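Containing mmCIF, C-alpha atoms and all ligand atoms: run10.cif.
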```
data_protein
#
loop_
_atom_site.group_PDB
_atom_site.id
_atom_site.type_symbol
_atom_site.label_atom_id
_atom_site.label_comp_id
_atom_site.auth_asym_id
_atom_site.auth_seq_id
_atom_site.Cartn_x
_atom_site.Cartn_y
_atom_site.Cartn_z
ATOM 1 C CA MET A 708 88.133 100.572 119.396
ATOM 2 C CA ILE A 709 88.899 103.219 116.834
ATOM 3 C CA GLN A 710 87.031 106.513 116.714
ATOM 4 C CA TYR A 711 86.438 108.032 113.324
ATOM 5 C CA ILE A 712 84.689 110.728 111.345
ATOM 6 C CA ASP A 713 83.673 109.898 107.779
ATOM 7 C CA LEU A 714 83.473 112.562 105.110
ATOM 8 C CA HIS A 715 83.523 112.762 101.382
ATOM 9 C CA THR A 716 85.361 115.300 99.288
ATOM 10 C CA GLU A 717 83.623 115.893 95.980
ATOM 11 C CA GLY A 718 82.443 112.273 96.159
ATOM 12 C CA GLU A 719 85.587 110.495 97.406
ATOM 13 C CA PRO A 720 85.471 109.166 100.987
ATOM 14 C CA THR A 721 87.911 110.002 103.782
ATOM 15 C CA ARG A 722 87.831 108.287 107.161
ATOM 16 C CA VAL A 723 89.572 110.524 109.698
ATOM 17 C CA ILE A 724 90.885 108.486 112.653
ATOM 18 C CA THR A 725 90.521 110.658 115.711
ATOM 19 C CA SER A 726 91.695 108.191 118.377
ATOM 20 C CA GLY A 727 92.395 104.562 119.188
ATOM 21 C CA PHE A 728 95.115 103.791 116.640
ATOM 22 C CA PRO A 729 98.198 102.140 118.258
ATOM 23 C CA ASP A 730 101.229 104.307 118.947
ATOM 24 C CA LEU A 731 103.675 104.502 116.037
ATOM 25 C CA GLY A 732 106.616 105.585 118.187
ATOM 26 C CA ALA A 733 108.861 108.566 117.603
ATOM 27 C CA GLY A 734 110.541 109.500 114.342
ATOM 28 C CA SER A 735 109.718 111.401 111.206
ATOM 29 C CA ILE A 736 106.339 110.984 109.539
ATOM 30 C CA ARG A 737 108.037 108.830 106.905
ATOM 31 C CA GLN A 738 109.567 106.581 109.571
ATOM 32 C CA ARG A 739 106.245 106.281 111.380
ATOM 33 C CA CYS A 740 104.588 105.495 108.053
ATOM 34 C CA GLU A 741 107.107 102.671 107.487
ATOM 35 C CA PHE A 742 106.495 101.415 111.029
ATOM 36 C CA MET A 743 102.741 101.446 110.406
ATOM 37 C CA LYS A 744 103.186 99.521 107.148
ATOM 38 C CA LYS A 745 105.354 96.903 108.833
ATOM 39 C CA ASN A 746 103.342 96.402 112.013
ATOM 40 C CA PHE A 747 99.737 97.468 111.401
ATOM 41 C CA SER A 748 98.882 96.785 107.777
ATOM 42 C CA GLU A 749 96.138 94.326 108.755
ATOM 43 C CA LEU A 750 94.546 96.859 111.067
ATOM 44 C CA CYS A 751 94.743 99.515 108.317
ATOM 45 C CA SER A 752 93.062 97.138 105.933
ATOM 46 C CA GLY A 753 90.312 96.418 108.495
ATOM 47 C CA ILE A 754 89.733 100.157 108.916
ATOM 48 C CA VAL A 755 89.203 100.978 105.252
ATOM 49 C CA ARG A 756 87.934 97.796 103.613
ATOM 50 C CA GLU A 757 84.572 96.085 103.788
ATOM 51 C CA PRO A 758 82.776 95.289 106.036
ATOM 52 C CA ARG A 759 83.711 98.481 107.988
ATOM 53 C CA GLY A 760 84.522 100.582 104.952
ATOM 54 C CA HIS A 761 84.866 99.916 101.250
ATOM 55 C CA GLU A 762 87.599 99.660 98.668
ATOM 56 C CA ALA A 763 87.563 103.335 97.630
ATOM 57 C CA MET A 764 87.994 104.630 101.157
ATOM 58 C CA VAL A 765 91.103 106.562 102.206
ATOM 59 C CA ALA A 766 91.873 106.873 105.910
ATOM 60 C CA ALA A 767 93.719 109.792 107.481
ATOM 61 C CA LEU A 768 95.618 109.113 110.660
ATOM 62 C CA LEU A 769 96.363 112.309 112.578
ATOM 63 C CA LEU A 770 99.644 112.388 114.494
ATOM 64 C CA GLU A 771 101.883 114.762 116.369
ATOM 65 C CA PRO A 772 104.162 116.510 113.866
ATOM 66 C CA VAL A 773 107.939 116.328 114.198
ATOM 67 C CA ASP A 774 108.393 119.639 112.417
ATOM 68 C CA GLN A 775 107.223 122.113 115.027
ATOM 69 C CA SER A 776 106.222 124.599 112.334
ATOM 70 C CA CYS A 777 103.363 122.218 111.425
ATOM 71 C CA ASP A 778 100.051 121.877 113.248
ATOM 72 C CA HIS A 779 99.587 118.163 112.605
ATOM 73 C CA GLY A 780 101.205 115.130 111.097
ATOM 74 C CA VAL A 781 99.042 112.942 108.877
ATOM 75 C CA ILE A 782 99.424 109.579 107.163
ATOM 76 C CA PHE A 783 96.888 108.626 104.508
ATOM 77 C CA PHE A 784 96.254 104.999 103.638
ATOM 78 C CA ASN A 785 93.921 103.152 101.313
ATOM 79 C CA ASN A 786 92.945 99.513 100.697
ATOM 80 C CA VAL A 787 96.517 98.514 99.816
ATOM 81 C CA GLY A 788 98.711 100.738 101.976
ATOM 82 C CA PRO A 789 99.923 104.285 102.624
ATOM 83 C CA LEU A 790 99.811 107.134 100.108
ATOM 84 C CA GLY A 791 102.493 109.838 99.829
ATOM 85 C CA MET A 792 99.896 112.592 100.031
ATOM 86 C CA CYS A 793 96.192 112.834 99.400
ATOM 87 C CA GLY A 794 94.512 116.015 98.174
ATOM 88 C CA HIS A 795 90.897 115.022 98.709
ATOM 89 C CA GLY A 796 91.899 113.484 102.059
ATOM 90 C CA THR A 797 93.524 116.701 103.235
ATOM 91 C CA MET A 798 90.303 118.572 102.438
ATOM 92 C CA GLY A 799 88.369 115.981 104.443
ATOM 93 C CA VAL A 800 90.719 116.362 107.407
ATOM 94 C CA VAL A 801 90.410 120.161 107.304
ATOM 95 C CA ARG A 802 86.623 119.968 107.306
ATOM 96 C CA ALA A 803 86.682 117.463 110.219
ATOM 97 C CA LEU A 804 89.051 119.674 112.257
ATOM 98 C CA LYS A 805 86.948 122.750 111.520
ATOM 99 C CA ASP A 806 83.757 120.976 112.665
ATOM 100 C CA GLN A 807 85.477 119.989 115.901
ATOM 101 C CA GLY A 808 86.495 123.594 116.529
ATOM 102 C CA LEU A 809 90.147 122.701 116.121
ATOM 103 C CA ILE A 810 91.105 125.267 113.511
ATOM 104 C CA ASN A 811 91.732 128.565 115.203
ATOM 105 C CA SER A 812 94.014 130.349 112.839
ATOM 106 C CA GLU A 813 93.576 131.277 109.223
ATOM 107 C CA LYS A 814 95.565 128.308 107.978
ATOM 108 C CA VAL A 815 96.514 124.835 109.095
ATOM 109 C CA SER A 816 99.642 122.927 108.122
ATOM 110 C CA PHE A 817 100.312 119.202 107.866
ATOM 111 C CA GLU A 818 103.451 117.144 107.724
ATOM 112 C CA THR A 819 102.865 114.243 105.305
ATOM 113 C CA PRO A 820 105.237 111.529 104.028
ATOM 114 C CA ALA A 821 105.514 113.535 100.766
ATOM 115 C CA GLY A 822 106.249 116.871 102.457
ATOM 116 C CA ILE A 823 104.506 119.782 104.121
ATOM 117 C CA VAL A 824 101.135 121.013 102.880
ATOM 118 C CA GLU A 825 99.149 123.995 104.052
ATOM 119 C CA ALA A 826 95.382 124.440 103.939
ATOM 120 C CA ARG A 827 92.681 126.971 104.660
ATOM 121 C CA ILE A 828 88.889 126.878 104.698
ATOM 122 C CA ASP A 829 86.886 129.931 103.653
ATOM 123 C CA ASP A 830 83.598 131.117 105.118
ATOM 124 C CA GLY A 831 81.647 129.280 102.439
ATOM 125 C CA GLY A 832 83.393 126.002 103.349
ATOM 126 C CA ARG A 833 85.688 125.849 100.317
ATOM 127 C CA ILE A 834 89.016 124.277 101.250
ATOM 128 C CA SER A 835 92.286 125.167 99.514
ATOM 129 C CA VAL A 836 95.389 123.063 99.840
ATOM 130 C CA VAL A 837 98.857 124.284 98.911
ATOM 131 C CA ASN A 838 100.275 120.959 97.864
ATOM 132 C CA VAL A 839 103.858 119.706 97.734
ATOM 133 C CA GLU A 840 105.985 120.786 94.789
ATOM 134 C CA SER A 841 104.746 118.946 91.709
ATOM 135 C CA TYR A 842 106.590 118.298 88.467
ATOM 136 C CA CYS A 843 106.557 116.556 85.127
ATOM 137 C CA HIS A 844 109.251 113.873 85.134
ATOM 138 C CA ARG A 845 108.934 112.518 81.543
ATOM 139 C CA LYS A 846 106.760 113.530 78.608
ATOM 140 C CA ASP A 847 105.131 111.389 75.915
ATOM 141 C CA VAL A 848 106.039 107.965 77.273
ATOM 142 C CA GLU A 849 104.584 105.160 75.155
ATOM 143 C CA VAL A 850 103.296 101.838 76.494
ATOM 144 C CA ILE A 851 101.567 98.963 74.718
ATOM 145 C CA THR A 852 99.020 97.250 76.924
ATOM 146 C CA SER A 853 98.252 93.515 77.064
ATOM 147 C CA SER A 854 95.309 93.999 74.680
ATOM 148 C CA GLY A 855 97.620 95.697 72.169
ATOM 149 C CA ARG A 856 96.434 99.247 72.801
ATOM 150 C CA LYS A 857 98.959 102.067 72.704
ATOM 151 C CA ALA A 858 98.869 104.681 75.483
ATOM 152 C CA VAL A 859 101.035 107.783 75.408
ATOM 153 C CA GLY A 860 101.327 109.765 78.584
ATOM 154 C CA ASP A 861 103.359 111.949 80.897
ATOM 155 C CA ILE A 862 104.903 110.730 84.139
ATOM 156 C CA ALA A 863 104.466 113.284 86.877
ATOM 157 C CA TRP A 864 104.665 113.750 90.629
ATOM 158 C CA GLY A 865 101.922 115.526 92.585
ATOM 159 C CA GLY A 866 102.519 113.903 95.995
ATOM 160 C CA ASN A 867 102.016 110.465 94.376
ATOM 161 C CA TRP A 868 103.317 109.181 91.020
ATOM 162 C CA PHE A 869 101.018 109.399 88.010
ATOM 163 C CA PHE A 870 100.919 108.252 84.406
ATOM 164 C CA ILE A 871 98.659 110.812 82.710
ATOM 165 C CA SER A 872 97.250 110.049 79.305
ATOM 166 C CA GLU A 873 94.611 111.513 77.049
ATOM 167 C CA ILE A 874 91.791 109.019 76.550
ATOM 168 C CA LYS A 875 91.235 107.632 73.058
ATOM 169 C CA GLY A 876 88.321 105.490 71.897
ATOM 170 C CA LEU A 877 86.429 105.600 75.201
ATOM 171 C CA SER A 878 84.375 108.368 76.739
ATOM 172 C CA LEU A 879 84.761 109.523 80.319
ATOM 173 C CA GLU A 880 81.229 108.613 81.328
ATOM 174 C CA MET A 881 79.858 106.483 84.163
ATOM 175 C CA GLN A 882 78.489 103.881 81.750
ATOM 176 C CA GLU A 883 82.072 103.244 80.589
ATOM 177 C CA LEU A 884 83.334 102.697 84.160
ATOM 178 C CA GLY A 885 84.174 98.999 83.688
ATOM 179 C CA SER A 886 86.098 99.665 80.456
ATOM 180 C CA LEU A 887 87.905 102.649 81.974
ATOM 181 C CA LYS A 888 89.025 100.567 84.961
ATOM 182 C CA ASP A 889 90.173 97.725 82.690
ATOM 183 C CA TYR A 890 92.083 100.065 80.384
ATOM 184 C CA ALA A 891 93.767 101.958 83.231
ATOM 185 C CA ALA A 892 94.662 98.653 84.929
ATOM 186 C CA GLU A 893 96.206 97.442 81.652
ATOM 187 C CA ILE A 894 98.306 100.622 81.506
ATOM 188 C CA ARG A 895 99.377 100.125 85.119
ATOM 189 C CA ALA A 896 100.415 96.518 84.375
ATOM 190 C CA ALA A 897 102.317 97.612 81.245
ATOM 191 C CA LEU A 898 104.211 100.244 83.256
ATOM 192 C CA ASP A 899 105.202 97.615 85.822
ATOM 193 C CA LEU A 900 106.088 95.020 83.189
ATOM 194 C CA ASN A 901 108.332 97.447 81.307
ATOM 195 C CA GLU A 902 109.840 98.812 84.532
ATOM 196 C CA ILE A 903 108.747 102.341 83.683
ATOM 197 C CA CYS A 904 109.158 104.297 86.910
ATOM 198 C CA GLY A 905 109.024 107.689 88.497
ATOM 199 C CA GLU A 906 112.167 109.437 89.682
ATOM 200 C CA GLY A 907 114.624 107.171 91.536
ATOM 201 C CA GLY A 908 112.804 104.019 90.429
ATOM 202 C CA ALA A 909 109.564 104.928 92.229
ATOM 203 C CA CYS A 910 106.506 102.857 91.383
ATOM 204 C CA ILE A 911 103.926 104.715 89.281
ATOM 205 C CA ASP A 912 100.839 103.586 91.134
ATOM 206 C CA HIS A 913 98.193 106.021 89.852
ATOM 207 C CA VAL A 914 96.917 106.143 86.275
ATOM 208 C CA GLU A 915 94.945 109.154 85.128
ATOM 209 C CA LEU A 916 93.003 109.365 81.877
ATOM 210 C CA HIS A 917 91.581 112.616 80.637
ATOM 211 C CA GLU A 918 89.881 114.618 77.932
ATOM 212 C CA ASN A 919 89.655 118.396 77.551
ATOM 213 C CA LEU A 920 86.619 120.088 79.022
ATOM 214 C CA GLU A 921 84.449 121.506 76.254
ATOM 215 C CA ARG A 922 83.736 124.642 78.212
ATOM 216 C CA ASP A 923 85.559 125.939 81.303
ATOM 217 C CA ARG A 924 88.955 125.766 79.682
ATOM 218 C CA PRO A 925 91.671 125.300 80.658
ATOM 219 C CA GLY A 926 90.678 122.044 82.268
ATOM 220 C CA VAL A 927 90.018 118.346 81.889
ATOM 221 C CA ARG A 928 87.481 115.738 82.787
ATOM 222 C CA SER A 929 89.406 112.896 84.355
ATOM 223 C CA PHE A 930 89.391 109.339 85.630
ATOM 224 C CA THR A 931 91.995 108.153 88.134
ATOM 225 C CA LEU A 932 92.764 104.554 88.979
ATOM 226 C CA CYS A 933 94.296 104.366 92.458
ATOM 227 C CA PRO A 934 96.932 101.825 93.625
ATOM 228 C CA GLY A 935 94.360 99.333 94.968
ATOM 229 C CA MET A 936 92.592 99.283 91.555
ATOM 230 C CA GLU A 937 89.746 101.470 92.810
ATOM 231 C CA TRP A 938 88.749 104.650 91.022
ATOM 232 C CA ASP A 939 88.781 108.059 92.617
ATOM 233 C CA ARG A 940 85.275 109.506 92.852
ATOM 234 C CA SER A 941 86.769 112.992 93.249
ATOM 235 C CA PRO A 942 88.936 114.714 90.628
ATOM 236 C CA CYS A 943 91.978 113.514 92.677
ATOM 237 C CA GLY A 944 93.987 116.288 94.319
ATOM 238 C CA THR A 945 97.461 114.861 93.784
ATOM 239 C CA GLY A 946 96.425 113.933 90.225
ATOM 240 C CA THR A 947 95.208 117.469 89.582
ATOM 241 C CA SER A 948 98.569 118.756 90.868
ATOM 242 C CA ALA A 949 100.529 116.356 88.643
ATOM 243 C CA THR A 950 98.380 117.219 85.617
ATOM 244 C CA LEU A 951 98.790 120.940 86.206
ATOM 245 C CA ALA A 952 102.582 120.499 86.408
ATOM 246 C CA CYS A 953 102.497 118.824 82.980
ATOM 247 C CA MET A 954 100.269 121.563 81.542
ATOM 248 C CA VAL A 955 102.692 124.212 82.811
ATOM 249 C CA GLU A 956 105.598 122.255 81.315
ATOM 250 C CA ARG A 957 103.759 122.314 77.980
ATOM 251 C CA ASN A 958 102.929 126.043 78.267
ATOM 252 C CA GLU A 959 99.209 125.207 78.208
ATOM 253 C CA ILE A 960 98.361 127.391 81.204
ATOM 254 C CA ASN A 961 99.651 130.712 82.506
ATOM 255 C CA GLU A 962 100.325 131.646 86.101
ATOM 256 C CA GLY A 963 97.132 133.216 87.500
ATOM 257 C CA GLU A 964 94.770 131.198 85.286
ATOM 258 C CA VAL A 965 92.413 128.772 87.030
ATOM 259 C CA TRP A 966 92.641 125.095 86.074
ATOM 260 C CA THR A 967 89.468 122.998 86.382
ATOM 261 C CA GLN A 968 89.589 119.240 86.907
ATOM 262 C CA GLU A 969 86.326 117.306 86.803
ATOM 263 C CA SER A 970 85.631 113.772 88.014
ATOM 264 C CA LEU A 971 83.490 111.109 86.406
ATOM 265 C CA LEU A 972 80.750 112.169 88.841
ATOM 266 C CA GLY A 973 80.949 115.750 87.549
ATOM 267 C CA SER A 974 82.439 117.106 90.786
ATOM 268 C CA ARG A 975 85.293 119.578 90.398
ATOM 269 C CA PHE A 976 88.548 120.805 91.857
ATOM 270 C CA GLU A 977 90.037 124.114 90.863
ATOM 271 C CA ALA A 978 93.765 124.724 90.866
ATOM 272 C CA THR A 979 96.279 127.511 90.417
ATOM 273 C CA TRP A 980 100.055 127.443 90.529
ATOM 274 C CA GLU A 981 103.222 129.317 91.363
ATOM 275 C CA SER A 982 106.715 128.483 90.196
ATOM 276 C CA GLY A 983 108.745 126.117 92.344
ATOM 277 C CA SER A 984 112.402 125.170 92.164
ATOM 278 C CA LYS A 985 111.844 122.072 90.045
ATOM 279 C CA GLY A 986 108.221 122.396 88.951
ATOM 280 C CA ILE A 987 105.209 124.159 90.412
ATOM 281 C CA ILE A 988 103.579 124.733 93.788
ATOM 282 C CA PRO A 989 99.916 123.932 93.122
ATOM 283 C CA THR A 990 96.961 125.134 95.150
ATOM 284 C CA ILE A 991 93.925 122.890 94.748
ATOM 285 C CA SER A 992 90.482 123.598 96.105
ATOM 286 C CA GLY A 993 87.219 121.746 96.646
ATOM 287 C CA ARG A 994 84.587 120.973 99.253
ATOM 288 C CA ALA A 995 84.126 118.199 101.820
ATOM 289 C CA TRP A 996 81.039 117.066 103.711
ATOM 290 C CA PRO A 997 80.746 114.901 106.828
ATOM 291 C CA SER A 998 78.696 111.724 106.455
ATOM 292 C CA SER A 999 78.993 109.862 109.756
ATOM 293 C CA LYS A 1000 81.064 109.322 112.848
ATOM 294 C CA GLY A 1001 81.470 106.496 115.297
ATOM 295 C CA GLU A 1002 83.570 103.650 116.557
ATOM 296 C CA LEU A 1003 85.046 100.740 114.678
ATOM 297 C CA ILE A 1004 84.891 97.444 116.539
ATOM 298 C CA PHE A 1005 87.362 94.599 115.949
ATOM 299 C CA GLU A 1006 86.395 91.402 117.789
ATOM 300 C CA GLU A 1007 89.045 88.670 118.111
ATOM 301 C CA ASP A 1008 86.917 85.948 116.527
ATOM 302 C CA ASP A 1009 85.599 88.102 113.661
ATOM 303 C CA PRO A 1010 86.834 86.334 110.488
ATOM 304 C CA PHE A 1011 86.767 89.696 108.706
ATOM 305 C CA ARG A 1012 88.430 91.832 111.363
ATOM 306 C CA ASN A 1013 91.125 92.709 108.798
ATOM 307 C CA GLY A 1014 88.609 93.430 106.053
ATOM 308 C CA PHE A 1015 87.613 91.287 103.115
ATOM 309 C CA PRO A 1016 90.698 89.907 101.401
ATOM 310 C CA SER A 1017 91.277 91.260 97.883
HETATM 311 O O1 LIG B 1101 92.948 113.303 96.121
HETATM 312 O O2 LIG B 1101 95.124 113.060 96.005
HETATM 313 C C1 LIG B 1101 93.984 112.593 96.049
HETATM 314 C C2 LIG B 1101 93.816 111.136 96.052
HETATM 315 C C3 LIG B 1101 94.795 110.184 95.959
HETATM 316 C C4 LIG B 1101 94.160 108.952 96.004
HETATM 317 C C5 LIG B 1101 92.816 109.165 96.128
HETATM 318 N N1 LIG B 1101 92.628 110.512 96.156
#
```
I need this file expressed as structure tokens, please.
Amino acid sequence: MIQYIDLHTEGEPTRVITSGFPDLGAGSIRQRCEFMKKNFSELCSGIVREPRGHEAMVAALLLEPVDQSCDHGVIFFNNVGPLGMCGHGTMGVVRALKDQGLINSEKVSFETPAGIVEARIDDGGRISVVNVESYCHRKDVEVITSSGRKAVGDIAWGGNWFFISEIKGLSLEMQELGSLKDYAAEIRAALDLNEICGEGGACIDHVELHENLERDRPGVRSFTLCPGMEWDRSPCGTGTSATLACMVERNEINEGEVWTQESLLGSRFEATWESGSKGIIPTISGRAWPSSKGELIFEEDDPFRNGFPS
């Protein structure tokens, strides 16, 4: 049985696993992540997918850190596998730890497969995450999708790889959700087909579409398609970091200015940045709320113990 706490961060769910997950052995967080992928992918799928979860859910598995300067290790995974980092997920974890009385100092640090992140929660419950160094890898990359549409976007790292493009001919509204998913999935397929990658041949598995916010500039309203073809209900923390890195690269935002990133639901993250060695060190902030907690049960003869197949 697996014990969990469910939360959502600005609309996007996080399932924090508090106990019951099999031991992943010793090694770095990246090695343990690889071990998890190789040996427990069916269990991971059963944890996040229907009937115990749903396709948009991201789980956070808390572990002992290897780096003794960190408070916790954490591996995030979604309906198709692990993520490098997860901004909304980190905020969910912080809120869960706070509610359990497990945050004693002003800040809490996490070792993730993408690097170390640091977070704090203020008295009003707002959670800030100093994310991994984020950077723009390539600007103005053009792809033609299977329906003949041209998308121009930047390729950037924010803890995951993103293709970030301004939306044309569609509006970022809930009633367009189906078309937004189709268009972003077409872009994702075109990236794969044309072998357009992140640094070192990394797969670009997140597609973000945006338009400028009318008010509250600088900022964008955004839609993110995640690797398992589900959309992020939150403004996507790693996506916000990657976008901000591109905006800095384009001199569209000064140090000290606050960046606003809004989701399709209207929920928002705010972000600021400092210079890094290759790009920027973003700080993203938002709020997370608990929604339930309990135990996941996996019976041997349950045909859906590993979740609904995709
Ligand atoms: O908030 O970084 C994020 C995220 C990644 C995938 C879903 N949410």
Pick from A:Val723, A:Leu731, A:Leu971, A:Met792, whichever lies nearest to Leu884 in chain A using only C-alpha atoms: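 Answer, going by the shortest atom-to-atom distance: A:Leu971.
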Which residues of chain A come within 7 Å of ligand LIG 1101 (chain B), and for each one, what is the closest pair of atoms and their distance in Å to one decimal, counting only C-alpha atoms and all ligand atoms, sorted by chain and residue number, as a Markdown table?
```
| residue | atom | partner | partner_atom | distance |
| --- | --- | --- | --- | --- |
| A:Val765 | CA | B:LIG1101 | C5 | 6.8 |
| A:Met792 | CA | B:LIG1101 | O2 | 6.3 |
| A:Cys793 | CA | B:LIG1101 | O2 | 3.6 |
| A:Gly794 | CA | B:LIG1101 | O2 | 3.7 |
| A:His795 | CA | B:LIG1101 | O1 | 3.7 |
| A:Gly796 | CA | B:LIG1101 | O1 | 6.0 |
| A:Cys933 | CA | B:LIG1101 | C4 | 5.8 |
| A:Asp939 | CA | B:LIG1101 | C5 | 5.5 |
| A:Ser941 | CA | B:LIG1101 | O1 | 6.8 |
| A:Pro942 | CA | B:LIG1101 | O1 | 6.9 |
| A:Cys943 | CA | B:LIG1101 | O1 | 3.6 |
| A:Gly944 | CA | B:LIG1101 | O1 | 3.6 |
| A:Thr945 | CA | B:LIG1101 | O2 | 3.7 |
| A:Gly946 | CA | B:LIG1101 | O2 | 6.0 |
```
The PyMOL selection byres (((chain A and resi 759) around 12) and not hetatm) applied to the shown file, residues as a PyMOL selection string: chain A and resi 709+711+713+722+750-758+760-762+764+766+786+1001-1005+1009+1011-1015
Which of A:Gln710, A:Asp730, A:Asp778, A:Gly822 sits closest to Leu809 in chain A [using only C-alpha atoms]: A:Asp778
Quick one: which range 743-839 of chain A residues come within 6 Å of range 973-995 of chain A, and what is the nearest atom pair for each with the distance in Å to one decimal, counting all atoms listed in the file, rows ordered by chain and ascending number, as a Markdown table?
```
| residue | atom | partner | partner_atom | distance |
| --- | --- | --- | --- | --- |
| A:Gly799 | CA | A:Ala995 | CA | 5.5 |
| A:Arg833 | CA | A:Arg994 | CA | 5.1 |
| A:Ile834 | CA | A:Ser992 | CA | 5.4 |
| A:Ser835 | CA | A:Ser992 | CA | 4.2 |
| A:Val836 | CA | A:Ile991 | CA | 5.3 |
| A:Val837 | CA | A:Thr990 | CA | 4.3 |
| A:Asn838 | CA | A:Pro989 | CA | 5.6 |
```
Nearest residue to Glu915 in chain A from the set A:His844, A:Lys857, A:Arg739, A:Arg928 (distances using all atoms listed in the file): A:Arg928
Nearby residues (only C-alpha atoms) at most 7 Å from Glu771 in chain A, same-chain spacing under 2 positions excluded, as a list in words: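 Close residues of Glu771 in chain A: Val773, His779 and Gly780 of chain A.
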Let me see the file: selected residues, C-alpha atoms, as a JSON list (two decimals), in the coordinates of the input.
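That gives us selection_36.json:
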```
[["chain", "number", "residue", "atom", "x", "y", "z"],
["A", 773, "VAL", "CA", 107.94, 116.33, 114.20],
["A", 779, "HIS", "CA", 99.59, 118.16, 112.60],
["A", 780, "GLY", "CA", 101.20, 115.13, 111.10]]
```
Selection result of the PyMOL selection byres (((chain A and resi 926) around 6) and not hetatm) on this file, as a ChimeraX atom specification: /A:920,924-925,927,966-968
Separation of CA of His917 in chain A from CA of Leu879 in chain A, in Å and rounded to one decimal: 7.5 Å
